[in-house]
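The next block is coords_22.pdb, given as PDB, C-alpha atoms and all ligand atoms.
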ATOM      1  CA  MET V   1       0.000   0.000   0.000
ATOM      2  CA  ASP V   2       1.404   3.395  -1.011
ATOM      3  CA  VAL V   3       0.892   6.292   1.387
ATOM      4  CA  VAL V   4       1.377   9.776  -0.044
ATOM      5  CA  GLU V   5       1.022  13.181   1.562
ATOM      6  CA  SER V   6       1.738  15.611  -1.240
ATOM      7  CA  ILE V   7      -0.438  16.387  -4.243
ATOM      8  CA  ASP V   8       2.515  15.772  -6.607
ATOM      9  CA  ALA V   9       3.136  12.323  -5.127
ATOM     10  CA  LEU V  10      -0.581  11.528  -5.345
ATOM     11  CA  ARG V  11      -0.731  12.510  -9.007
ATOM     12  CA  GLN V  12       2.296  10.337  -9.781
ATOM     13  CA  ALA V  13       0.873   7.341  -7.899
ATOM     14  CA  ARG V  14      -2.553   7.820  -9.510
ATOM     15  CA  ALA V  15      -1.007   7.925 -12.982
ATOM     16  CA  ARG V  16       0.464   4.465 -12.397
ATOM     17  CA  ILE V  17      -3.035   3.009 -11.833
ATOM     18  CA  THR V  18      -4.533   2.286 -15.224
ATOM     19  CA  ALA V  19      -7.442   0.103 -14.100
ATOM     20  CA  SER V  20     -10.740   1.169 -12.460
ATOM     21  CA  VAL V  21     -10.516   3.029  -9.151
ATOM     22  CA  GLY V  22     -12.898   3.101  -6.188
ATOM     23  CA  LEU V  23     -12.506   5.955  -3.694
ATOM     24  CA  VAL V  24     -13.282   6.013   0.023
ATOM     25  CA  THR V  25     -12.905   9.487   1.541
ATOM     26  CA  THR V  26     -12.533   9.593   5.331
ATOM     27  CA  MET V  27     -11.582  11.865   8.196
ATOM     28  CA  GLY V  28      -9.686   8.973   9.823
ATOM     29  CA  ALA V  29     -10.501   7.412  13.231
ATOM     30  CA  LEU V  30     -11.623   4.483  11.144
ATOM     31  CA  HIS V  31     -14.154   1.856  12.163
ATOM     32  CA  ALA V  32     -15.949  -1.112  10.626
ATOM     33  CA  GLY V  33     -18.260   1.235   8.696
ATOM     34  CA  HIS V  34     -15.306   2.669   6.756
ATOM     35  CA  ILE V  35     -13.905  -0.811   6.170
ATOM     36  CA  ALA V  36     -17.259  -1.951   4.759
ATOM     37  CA  LEU V  37     -16.979   0.908   2.228
ATOM     38  CA  VAL V  38     -13.446  -0.217   1.328
ATOM     39  CA  GLU V  39     -14.625  -3.807   0.927
ATOM     40  CA  GLN V  40     -17.432  -2.735  -1.366
ATOM     41  CA  ALA V  41     -14.994  -0.608  -3.362
ATOM     42  CA  ARG V  42     -12.716  -3.635  -3.691
ATOM     43  CA  THR V  43     -15.470  -5.800  -5.119
ATOM     44  CA  GLU V  44     -16.454  -3.204  -7.741
ATOM     45  CA  ASN V  45     -13.056  -1.822  -8.820
ATOM     46  CA  ASP V  46      -9.551  -2.994  -9.662
ATOM     47  CA  ALA V  47      -7.875  -0.577  -7.250
ATOM     48  CA  VAL V  48      -8.961   1.296  -4.126
ATOM     49  CA  ILE V  49      -7.788   4.730  -3.025
ATOM     50  CA  ALA V  50      -8.589   6.009   0.480
ATOM     51  CA  THR V  51      -8.100   9.526   1.774
ATOM     52  CA  ILE V  52      -7.616  10.591   5.385
ATOM     53  CA  PHE V  53      -8.144  14.294   5.974
ATOM     54  CA  VAL V  54      -9.871  16.008   8.887
ATOM     55  CA  ASN V  55     -11.393  18.775   6.799
ATOM     56  CA  PRO V  56     -11.381  22.020   8.819
ATOM     57  CA  THR V  57     -13.869  23.820   6.563
ATOM     58  CA  GLN V  58     -16.756  21.516   7.449
ATOM     59  CA  PHE V  59     -16.476  22.252  11.192
ATOM     60  CA  ALA V  60     -18.074  25.365  12.687
ATOM     61  CA  GLN V  61     -16.208  27.445  15.317
ATOM     62  CA  ASN V  62     -18.028  25.739  18.191
ATOM     63  CA  GLU V  63     -17.482  22.191  16.873
ATOM     64  CA  ASP V  64     -14.933  19.502  17.680
ATOM     65  CA  LEU V  65     -12.191  20.066  15.053
ATOM     66  CA  SER V  66      -9.333  20.253  17.576
ATOM     67  CA  LYS V  67     -10.439  17.215  19.558
ATOM     68  CA  TYR V  68     -11.631  15.111  16.602
ATOM     69  CA  PRO V  69     -10.065  11.638  17.180
ATOM     70  CA  ARG V  70      -6.865  11.024  15.202
ATOM     71  CA  ASP V  71      -4.794   7.819  15.041
ATOM     72  CA  ILE V  72      -3.070   7.687  11.685
ATOM     73  CA  SER V  73      -0.916   4.595  12.294
ATOM     74  CA  ARG V  74      -3.938   2.531  13.394
ATOM     75  CA  ASP V  75      -5.904   3.859  10.405
ATOM     76  CA  LEU V  76      -3.120   2.892   7.977
ATOM     77  CA  ASP V  77      -2.920  -0.623   9.487
ATOM     78  CA  MET V  78      -6.659  -1.035   9.014
ATOM     79  CA  LEU V  79      -6.549   0.192   5.408
ATOM     80  CA  ARG V  80      -3.554  -2.049   4.623
ATOM     81  CA  GLN V  81      -5.384  -5.074   6.027
ATOM     82  CA  ALA V  82      -8.489  -4.169   4.029
ATOM     83  CA  GLY V  83      -6.455  -4.227   0.814
ATOM     84  CA  VAL V  84      -6.327  -0.517  -0.059
ATOM     85  CA  ASP V  85      -3.779   0.291  -2.785
ATOM     86  CA  LEU V  86      -3.107   3.974  -2.203
ATOM     87  CA  VAL V  87      -3.771   6.332   0.715
ATOM     88  CA  PHE V  88      -3.663  10.122   0.466
ATOM     89  CA  THR V  89      -3.067  11.948   3.771
ATOM     90  CA  PRO V  90      -2.719  15.626   2.864
ATOM     91  CA  THR V  91      -2.122  18.497   5.249
ATOM     92  CA  ALA V  92      -4.595  21.376   5.509
ATOM     93  CA  GLU V  93      -2.028  23.616   3.746
ATOM     94  CA  GLN V  94      -2.018  21.314   0.712
ATOM     95  CA  ILE V  95      -5.787  21.356   0.412
ATOM     96  CA  TYR V  96      -6.306  25.012   1.332
ATOM     97  CA  PRO V  97      -3.144  26.882   0.335
ATOM     98  CA  THR V  98      -2.833  30.612   0.965
ATOM     99  CA  GLY V  99      -5.155  32.480  -1.370
ATOM    100  CA  PHE V 100      -7.704  29.656  -1.605
ATOM    101  CA  GLN V 101     -11.112  31.168  -2.488
ATOM    102  CA  THR V 102     -13.185  28.723  -4.529
ATOM    103  CA  TRP V 103     -16.156  26.941  -2.985
ATOM    104  CA  ILE V 104     -18.881  24.588  -4.113
ATOM    105  CA  GLU V 105     -22.381  25.080  -2.759
ATOM    106  CA  VAL V 106     -25.349  22.820  -3.405
ATOM    107  CA  GLU V 107     -28.429  24.945  -2.773
ATOM    108  CA  GLN V 108     -31.583  23.023  -1.935
ATOM    109  CA  VAL V 109     -30.865  19.561  -0.605
ATOM    110  CA  THR V 110     -28.502  21.205   1.935
ATOM    111  CA  GLN V 111     -31.316  23.276   3.469
ATOM    112  CA  GLY V 112     -32.899  21.117   6.212
ATOM    113  CA  LEU V 113     -31.564  18.501   8.629
ATOM    114  CA  GLU V 114     -27.788  18.813   9.193
ATOM    115  CA  GLY V 115     -27.520  21.787   6.850
ATOM    116  CA  GLU V 116     -29.924  23.754   9.039
ATOM    117  CA  ARG V 117     -28.141  22.855  12.290
ATOM    118  CA  ARG V 118     -24.621  23.223  10.902
ATOM    119  CA  PRO V 119     -24.491  26.305   8.653
ATOM    120  CA  GLY V 120     -21.571  26.099   6.220
ATOM    121  CA  HIS V 121     -20.986  22.399   6.900
ATOM    122  CA  PHE V 122     -21.976  21.128   3.462
ATOM    123  CA  ARG V 123     -20.081  23.909   1.681
ATOM    124  CA  GLY V 124     -16.949  22.522   3.346
ATOM    125  CA  VAL V 125     -17.894  18.930   2.533
ATOM    126  CA  THR V 126     -18.686  19.505  -1.143
ATOM    127  CA  THR V 127     -15.595  21.633  -1.686
ATOM    128  CA  VAL V 128     -13.215  19.097  -0.187
ATOM    129  CA  VAL V 129     -14.944  16.125  -1.812
ATOM    130  CA  ALA V 130     -14.821  17.829  -5.222
ATOM    131  CA  LYS V 131     -11.109  18.458  -4.721
ATOM    132  CA  LEU V 132     -10.530  14.841  -3.675
ATOM    133  CA  PHE V 133     -12.448  13.648  -6.741
ATOM    134  CA  ASN V 134     -10.313  15.883  -8.988
ATOM    135  CA  LEU V 135      -7.124  14.650  -7.390
ATOM    136  CA  THR V 136      -7.883  10.927  -7.311
ATOM    137  CA  GLN V 137     -10.081  10.642 -10.430
ATOM    138  CA  PRO V 138     -12.134   7.677  -9.219
ATOM    139  CA  HIS V 139     -14.625   5.716 -11.286
ATOM    140  CA  ARG V 140     -16.792   5.167  -8.194
ATOM    141  CA  ALA V 141     -16.871   6.809  -4.752
ATOM    142  CA  TYR V 142     -18.407   5.218  -1.657
ATOM    143  CA  PHE V 143     -20.381   6.965   1.083
ATOM    144  CA  GLY V 144     -22.287   5.621   4.089
ATOM    145  CA  GLN V 145     -26.034   5.826   4.599
ATOM    146  CA  LYS V 146     -25.531   7.180   8.136
ATOM    147  CA  ASP V 147     -24.743  10.565   6.616
ATOM    148  CA  ALA V 148     -27.689  10.297   4.237
ATOM    149  CA  GLN V 149     -27.949  14.026   3.554
ATOM    150  CA  GLN V 150     -24.225  14.167   2.782
ATOM    151  CA  ALA V 151     -24.673  11.336   0.264
ATOM    152  CA  ALA V 152     -27.649  13.140  -1.331
ATOM    153  CA  VAL V 153     -25.725  16.430  -1.512
ATOM    154  CA  ILE V 154     -22.692  14.765  -3.108
ATOM    155  CA  LYS V 155     -24.918  12.937  -5.594
ATOM    156  CA  ARG V 156     -26.455  16.290  -6.561
ATOM    157  CA  MET V 157     -23.036  17.930  -6.958
ATOM    158  CA  VAL V 158     -21.799  15.099  -9.177
ATOM    159  CA  ARG V 159     -24.890  15.354 -11.375
ATOM    160  CA  ASP V 160     -24.927  19.147 -11.554
ATOM    161  CA  LEU V 161     -21.224  19.459 -12.349
ATOM    162  CA  ASN V 162     -21.092  16.437 -14.704
ATOM    163  CA  MET V 163     -18.370  14.798 -12.659
ATOM    164  CA  PRO V 164     -17.392  11.551 -14.408
ATOM    165  CA  LEU V 165     -17.924   9.060 -11.588
ATOM    166  CA  ALA V 166     -20.659   7.046  -9.893
ATOM    167  CA  ILE V 167     -21.642   7.608  -6.270
ATOM    168  CA  ARG V 168     -22.431   4.468  -4.301
ATOM    169  CA  VAL V 169     -24.322   4.649  -1.000
ATOM    170  CA  CYS V 170     -23.716   1.691   1.330
ATOM    171  CA  PRO V 171     -25.813   0.641   4.348
ATOM    172  CA  THR V 172     -24.831   1.888   7.799
ATOM    173  CA  VAL V 173     -22.873  -0.581   9.919
ATOM    174  CA  HIS V 174     -24.176  -0.915  13.484
ATOM    175  CA  GLU V 175     -22.634  -2.177  16.711
ATOM    176  CA  ALA V 176     -24.164  -5.363  18.207
ATOM    177  CA  ASP V 177     -26.596  -3.299  20.324
ATOM    178  CA  GLY V 178     -27.657  -1.196  17.332
ATOM    179  CA  LEU V 179     -25.561   1.978  17.758
ATOM    180  CA  ALA V 180     -24.477   3.270  14.346
ATOM    181  CA  MET V 181     -20.690   3.120  13.931
ATOM    182  CA  SER V 182     -19.184   6.603  14.115
ATOM    183  CA  SER V 183     -15.755   8.021  14.860
ATOM    184  CA  ARG V 184     -17.446  10.255  17.443
ATOM    185  CA  ASN V 185     -18.694   7.270  19.515
ATOM    186  CA  VAL V 186     -15.364   7.390  21.401
ATOM    187  CA  TYR V 187     -16.583  10.595  23.082
ATOM    188  CA  LEU V 188     -19.319   8.656  24.950
ATOM    189  CA  SER V 189     -19.011   7.696  28.623
ATOM    190  CA  PRO V 190     -19.877   4.023  29.370
ATOM    191  CA  GLU V 191     -23.354   5.118  30.563
ATOM    192  CA  GLN V 192     -23.968   7.248  27.485
ATOM    193  CA  ARG V 193     -22.677   4.468  25.238
ATOM    194  CA  LYS V 194     -25.201   2.043  26.763
ATOM    195  CA  ALA V 195     -28.046   4.549  26.566
ATOM    196  CA  ALA V 196     -27.265   5.350  22.907
ATOM    197  CA  ALA V 197     -28.775   2.027  21.785
ATOM    198  CA  VAL V 198     -32.180   3.715  22.192
ATOM    199  CA  ILE V 199     -31.642   5.483  18.849
ATOM    200  CA  ARG V 200     -31.754   2.289  16.820
ATOM    201  CA  ARG V 201     -34.579   0.889  18.955
ATOM    202  CA  SER V 202     -36.629   3.985  18.107
ATOM    203  CA  LEU V 203     -35.987   3.620  14.381
ATOM    204  CA  LEU V 204     -36.928  -0.063  14.529
ATOM    205  CA  ALA V 205     -40.132   0.803  16.420
ATOM    206  CA  ALA V 206     -41.040   3.332  13.703
ATOM    207  CA  SER V 207     -40.318   0.718  11.067
ATOM    208  CA  ALA V 208     -42.542  -1.838  12.862
ATOM    209  CA  ALA V 209     -45.400   0.702  12.982
ATOM    210  CA  TYR V 210     -44.855   1.481   9.283
ATOM    211  CA  GLU V 211     -44.973  -2.251   8.451
ATOM    212  CA  LYS V 212     -48.344  -2.460  10.246
ATOM    213  CA  GLY V 213     -49.630   0.239   7.909
ATOM    214  CA  GLU V 214     -48.961   3.458   9.832
ATOM    215  CA  ARG V 215     -48.218   6.209   7.321
ATOM    216  CA  ASP V 216     -49.093   9.326   9.316
ATOM    217  CA  THR V 217     -45.799  11.039  10.066
ATOM    218  CA  ASN V 218     -47.172  12.581  13.291
ATOM    219  CA  ASN V 219     -47.967   9.114  14.611
ATOM    220  CA  LEU V 220     -44.570   7.750  13.533
ATOM    221  CA  ARG V 221     -42.952  10.713  15.289
ATOM    222  CA  VAL V 222     -44.870   9.934  18.505
ATOM    223  CA  VAL V 223     -43.605   6.315  18.429
ATOM    224  CA  ILE V 224     -40.009   7.545  18.119
ATOM    225  CA  GLU V 225     -40.336  10.394  20.595
ATOM    226  CA  SER V 226     -41.848   8.278  23.354
ATOM    227  CA  LEU V 227     -39.005   5.756  23.150
ATOM    228  CA  LEU V 228     -36.293   8.421  23.024
ATOM    229  CA  LYS V 229     -37.859  10.249  25.966
ATOM    230  CA  SER V 230     -37.819   7.027  28.014
ATOM    231  CA  GLU V 231     -34.011   7.286  28.061
ATOM    232  CA  PRO V 232     -33.010  10.066  30.498
ATOM    233  CA  LEU V 233     -29.511  10.578  29.011
ATOM    234  CA  ALA V 234     -30.847  11.127  25.492
ATOM    235  CA  GLN V 235     -31.706  14.681  24.402
ATOM    236  CA  ILE V 236     -33.557  14.877  21.112
ATOM    237  CA  ASP V 237     -31.899  17.300  18.699
ATOM    238  CA  TYR V 238     -34.285  16.495  15.868
ATOM    239  CA  ILE V 239     -36.556  13.840  14.436
ATOM    240  CA  SER V 240     -37.119  14.271  10.720
ATOM    241  CA  ILE V 241     -39.505  12.262   8.597
ATOM    242  CA  ALA V 242     -38.808  13.368   5.070
ATOM    243  CA  ASP V 243     -39.328  12.431   1.456
ATOM    244  CA  ALA V 244     -36.260  10.301   0.724
ATOM    245  CA  GLY V 245     -35.809  11.934  -2.666
ATOM    246  CA  THR V 246     -36.077  15.629  -1.764
ATOM    247  CA  LEU V 247     -35.259  15.341   1.981
ATOM    248  CA  LYS V 248     -38.130  17.764   2.616
ATOM    249  CA  ASN V 249     -40.160  17.043   5.761
ATOM    250  CA  ILE V 250     -43.482  15.359   5.093
ATOM    251  CA  LYS V 251     -46.646  16.784   6.633
ATOM    252  CA  GLY V 252     -49.337  14.117   6.928
ATOM    253  CA  SER V 253     -48.522  10.945   5.081
ATOM    254  CA  SER V 254     -46.744   9.816   1.939
ATOM    255  CA  ASP V 255     -46.708   6.652  -0.120
ATOM    256  CA  LYS V 256     -43.213   7.364  -1.400
ATOM    257  CA  PRO V 257     -40.098   6.039   0.392
ATOM    258  CA  VAL V 258     -39.509   7.986   3.590
ATOM    259  CA  LEU V 259     -36.221   8.828   5.289
ATOM    260  CA  VAL V 260     -36.496   8.869   9.084
ATOM    261  CA  SER V 261     -33.481  10.714  10.494
ATOM    262  CA  LEU V 262     -32.709  11.076  14.176
ATOM    263  CA  VAL V 263     -30.108  13.198  15.882
ATOM    264  CA  VAL V 264     -29.786  12.629  19.591
ATOM    265  CA  LYS V 265     -27.384  14.363  21.932
ATOM    266  CA  MET V 266     -25.675  12.407  24.682
ATOM    267  CA  GLY V 267     -23.927  15.092  26.706
ATOM    268  CA  ASN V 268     -22.106  17.152  24.055
ATOM    269  CA  THR V 269     -21.988  14.382  21.476
ATOM    270  CA  ARG V 270     -24.437  14.444  18.574
ATOM    271  CA  LEU V 271     -25.320  10.943  17.381
ATOM    272  CA  LEU V 272     -26.959  10.400  13.984
ATOM    273  CA  ASP V 273     -28.797   7.470  12.531
ATOM    274  CA  ASN V 274     -31.538   7.044   9.956
ATOM    275  CA  MET V 275     -33.676   4.468   8.241
ATOM    276  CA  LEU V 276     -35.308   4.338   4.869
ATOM    277  CA  LEU V 277     -38.930   3.138   5.043
ATOM    278  CA  PRO V 278     -40.028   0.650   3.951
ATOM    279  CA  ALA V 279     -37.013  -0.926   5.641
ATOM    280  CA  SER V 280     -36.809  -3.570   2.922
ATOM    281  CA  LEU V 281     -35.189  -0.832   0.800
ATOM    282  CA  ASN V 282     -31.681  -1.434   2.063
ATOM    283  CA  THR V 283     -29.485  -2.615  -0.800
ATOM    284  CA  ILE V 284     -26.705  -0.451  -2.193
ATOM    285  CA  GLU V 285     -28.649  -0.087  -5.438
ATOM    286  CA  GLU V 286     -31.803   1.051  -3.643
ATOM    287  CA  LEU V 287     -30.054   3.436  -1.257
ATOM    288  CA  THR V 288     -28.009   4.920  -4.095
ATOM    289  CA  GLN V 289     -31.028   5.442  -6.273
ATOM    290  CA  ILE V 290     -33.524   6.657  -3.692
ATOM    291  CA  LEU V 291     -31.551   8.958  -1.353
ATOM    292  CA  GLY V 292     -31.580  12.403  -2.925
ATOM    293  CA  GLY V 293     -33.526  11.136  -5.934
ATOM    294  CA  ALA V 294     -32.489   9.519  -9.185
TER     295      ALA V 294
HETATM  296  O1  LIG D   1     -18.040  11.729   5.919
HETATM  297  C1  LIG D   1     -16.897  12.179   6.147
HETATM  298  O2  LIG D   1     -16.061  11.548   6.811
HETATM  299  C2  LIG D   1     -16.532  13.553   5.603
HETATM  300  O3  LIG D   1     -17.626  14.410   5.606
HETATM  301  C3  LIG D   1     -15.871  13.480   4.216
HETATM  302  C4  LIG D   1     -16.851  12.935   3.181
HETATM  303  C5  LIG D   1     -14.637  12.599   4.258
HETATM  304  C6  LIG D   1     -15.463  14.883   3.756
HETATM  305  O4  LIG D   1     -14.539  15.447   4.618
END

What do you get writing this file as structure tokens?
Ligand code: PAF
Amino acid sequence: MDVVESIDALRQARARITASVGLVTTMGALHAGHIALVEQARTENDAVIATIFVNPTQFAQNEDLSKYPRDISRDLDMLRQAGVDLVFTPTAEQIYPTGFQTWIEVEQVTQGLEGERRPGHFRGVTTVVAKLFNLTQPHRAYFGQKDAQQAAVIKRMVRDLNMPLAIRVCPTVHEADGLAMSSRNVYLSPEQRKAAAVIRRSLLAASAAYEKGERDTNNLRVVIESLLKSEPLAQIDYISIADAGTLKNIKGSSDKPVLVSLVVKMGNTRLLDNMLLPASLNTIEELTQILGGA
């Protein structure tokens, strides 16, 4: 596995790869969710490139940029074991040199959910992801369902800017008790970690109600809210029940696929998870097609 830090070295290493390339972009602190993306990339491409870059422009002033978990040697071991061919680990100066002033903004699908709570977040994400696409020139790039809005925003950017690659959205990987894998889970105390399983239980309860025929989003919200409120350590940030294509909140009911997104705070840590309903829609093809629309 080649590990390169500079843009020149990346371009040289990329030029040596003539076969198809799958890309997994990460901010490091890797977990089984990232490795699942690498494994999928391996099955669909001849070579896999991973990037590790804690992107400062997607963090607001009050967020956790300085304490974001970093363990580059463990990350590289994991990527090596997963069969990655090339890893790009740039510095912030390489990505945002002095004088940098070009940004990519996706307008509508960034409006609600995370975009509303984290102003400027998606502008940072799309700009860095576009740069990483330009630098690594992948045929396919892999993103996790946990950050469903991010996947929808990146899909939109790729379509709108005619970027020559396919986006693939892969199912979220969960811990045994249902907590969605996230680099930020390390912030949780043992009590918070245990309590966090309520997030998945709430999504599963909403799915069970949906399976029984419940389509009214107010009623689905009540199912979720009552479970979340039964856990004293969990503070609801938001519960969104949205059209999976537009990510706009649904008032009343809808027969189209629905994205239920939850953000729950445990202390200062925001935990995200979501589920597409009907829950049978969970293959890579379905997630890729439905989230953010075709
Ligand atoms: O999902 C992430 O880890 C980041 O938002 C990404 C896509 C690597 C961009 O910095």

Kindly provide the residues of chain V that approach ligand LIG 1 (chain D) to within 10 Å, each paired with its closest atom pair and their distance in Å to one decimal, based on all atoms listed in the file, listed by chain and increasing number, as a tab-separated table.
residue	atom	partner	partner_atom	distance
V:Val24	CA	D:LIG1	C5	7.9
V:Thr25	CA	D:LIG1	C5	4.5
V:Thr26	CA	D:LIG1	C5	3.8
V:Met27	CA	D:LIG1	O2	4.7
V:Gly28	CA	D:LIG1	O2	7.5
V:Ala29	CA	D:LIG1	O2	9.4
V:Leu30	CA	D:LIG1	O2	9.4
V:His34	CA	D:LIG1	O2	8.9
V:Ala50	CA	D:LIG1	C5	9.7
V:Thr51	CA	D:LIG1	C5	7.6
V:Ile52	CA	D:LIG1	C5	7.4
V:Phe53	CA	D:LIG1	O4	6.6
V:Val54	CA	D:LIG1	O4	6.4
V:Asn55	CA	D:LIG1	O4	5.1
V:Pro56	CA	D:LIG1	O4	8.4
V:Thr57	CA	D:LIG1	O4	8.6
V:Gln58	CA	D:LIG1	O4	7.1
V:Phe59	CA	D:LIG1	O4	9.7
V:His121	CA	D:LIG1	O3	8.8
V:Phe122	CA	D:LIG1	O3	8.3
V:Gly124	CA	D:LIG1	O4	7.6
V:Val125	CA	D:LIG1	C6	4.9
V:Thr126	CA	D:LIG1	C6	7.5
V:Thr127	CA	D:LIG1	C6	8.7
V:Val128	CA	D:LIG1	O4	6.2
V:Val129	CA	D:LIG1	C6	5.7
V:Ala130	CA	D:LIG1	C6	9.5
V:Leu132	CA	D:LIG1	C6	8.9
V:Tyr142	CA	D:LIG1	C4	9.2
V:Phe143	CA	D:LIG1	O1	7.2
V:Gly144	CA	D:LIG1	O1	7.7
V:Lys146	CA	D:LIG1	O1	9.0
V:Asp147	CA	D:LIG1	O1	6.8
V:Ala148	CA	D:LIG1	O1	9.9
V:Gln150	CA	D:LIG1	O3	7.2
V:Ala151	CA	D:LIG1	C4	8.5
V:Ile154	CA	D:LIG1	C4	8.8
V:Ser182	CA	D:LIG1	O2	9.4
V:Ser183	CA	D:LIG1	O2	8.8

- request: Please provide the set of residues having any atom within 9 Å of segment 246-255 of chain V, restricted to only C-alpha atoms, with same-chain residues fewer than 4 positions apart removed, written as a list in words.
  value: Gln108, Val109, Thr110, Gln111, Gly112, Leu113, Gln149, Ala152, Glu214, Arg215, Asp216, Thr217, Asn218, Ser240, Ile241, Ala242, Leu259, Leu291, Gly292 and Gly293 of chain V

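The smallest atom-to-atom distance between Glu44 of chain V and any of V:Val21, V:Ala209, V:Met1, V:Ala32, using all atoms listed in the file, is found for V:Val21.
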
task: May I ask for the distance between atom CA of Lys229 of chain V and atom CA of Gly178 of chain V, given in Å to one decimal place?
output: 17.6 Å

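When the PyMOL selection byres (((chain V and resi 40-42) around 9) and not hetatm) is run on the displayed coordinates, the residues it returns are V:Val21, V:Gly22, V:Leu23, V:Val24, V:Ile35, V:Ala36, V:Leu37, V:Val38, V:Glu39, V:Thr43, V:Glu44, V:Asn45, V:Asp46, V:Ala47, V:Val48, V:Ile49, V:Ala82, V:Gly83, V:Val84, V:Arg140, V:Ala141, V:Tyr142, V:Cys170.
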
message: Could you list, as a PyMOL selection string, every residue matched by the PyMOL selection byres (((chain V and resi 3) around 8) and not hetatm) in this structure?
response: chain V and resi 1-2+4-5+86-89

Cut-off 8 Å: closest segment 119-234 of chain V/segment 262-280 of chain V atom pairs per residue, using only C-alpha atoms, as JSON lines:
{"residue": "V:Gln145", "atom": "CA", "partner": "V:Asn274", "partner_atom": "CA", "distance": 7.8}
{"residue": "V:Lys146", "atom": "CA", "partner": "V:Asp273", "partner_atom": "CA", "distance": 5.5}
{"residue": "V:Asp147", "atom": "CA", "partner": "V:Leu272", "partner_atom": "CA", "distance": 7.7}
{"residue": "V:Ala148", "atom": "CA", "partner": "V:Asn274", "partner_atom": "CA", "distance": 7.6}
{"residue": "V:Ala180", "atom": "CA", "partner": "V:Asp273", "partner_atom": "CA", "distance": 6.3}
{"residue": "V:Arg184", "atom": "CA", "partner": "V:Thr269", "partner_atom": "CA", "distance": 7.3}
{"residue": "V:Asn185", "atom": "CA", "partner": "V:Leu271", "partner_atom": "CA", "distance": 7.9}
{"residue": "V:Tyr187", "atom": "CA", "partner": "V:Thr269", "partner_atom": "CA", "distance": 6.8}
{"residue": "V:Leu188", "atom": "CA", "partner": "V:Thr269", "partner_atom": "CA", "distance": 7.2}
{"residue": "V:Gln192", "atom": "CA", "partner": "V:Met266", "partner_atom": "CA", "distance": 6.1}
{"residue": "V:Ala196", "atom": "CA", "partner": "V:Met266", "partner_atom": "CA", "distance": 7.4}
{"residue": "V:Ile199", "atom": "CA", "partner": "V:Asp273", "partner_atom": "CA", "distance": 7.2}
{"residue": "V:Arg200", "atom": "CA", "partner": "V:Asp273", "partner_atom": "CA", "distance": 7.3}
{"residue": "V:Leu203", "atom": "CA", "partner": "V:Met275", "partner_atom": "CA", "distance": 6.6}
{"residue": "V:Ser207", "atom": "CA", "partner": "V:Ala279", "partner_atom": "CA", "distance": 6.6}
{"residue": "V:Tyr210", "atom": "CA", "partner": "V:Pro278", "partner_atom": "CA", "distance": 7.2}
{"residue": "V:Glu211", "atom": "CA", "partner": "V:Pro278", "partner_atom": "CA", "distance": 7.3}
{"residue": "V:Leu233", "atom": "CA", "partner": "V:Met266", "partner_atom": "CA", "distance": 6.1}
{"residue": "V:Ala234", "atom": "CA", "partner": "V:Met266", "partner_atom": "CA", "distance": 5.4}

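This file, queried with the PyMOL selection byres (((chain V and resi 227) around 10) and not hetatm), gives the residues Val198, Ile199, Arg201, Ser202, Leu203, Ala205, Ala206, Val222, Val223, Ile224, Glu225, Ser226, Leu228, Lys229, Ser230 and Glu231 of chain V.
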
statement: Using only C-alpha atoms, the best pick from V:Asp243, V:Asp75, V:Asp237, V:Asp85 as closest to Glu114 of chain V would be V:Asp237

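The interatomic distance for the pair atom CA of Arg159 of chain V and atom CA of Val106 of chain V works out to 10.9 Å.
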
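Between atom CA of Tyr68 of chain V and atom CA of Thr172 of chain V lies a distance of 20.7 Å.
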
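Counting all atoms listed in the file and comparing V:Ala13, V:Pro232, V:Pro69, V:Ser20, the residue that lies closest to Leu165 of chain V is V:Ser20.
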
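Residue nearest Gly120 of chain V, chosen from V:Ala92, V:Val173, V:Gln61, V:Arg70 and counting only C-alpha atoms: V:Gln61.
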
query: For Arg168 of chain V, which residue out of V:Val258, V:Leu281, V:Ala244, V:Ile290 is the nearest one, using only C-alpha atoms?
result: V:Ile290

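Of the residues listed (V:Ile95, V:Lys212, V:Asp64, V:Arg80), V:Ile95 shows the shortest atom-to-atom separation from Ser6 of chain V; distances use all atoms listed in the file.
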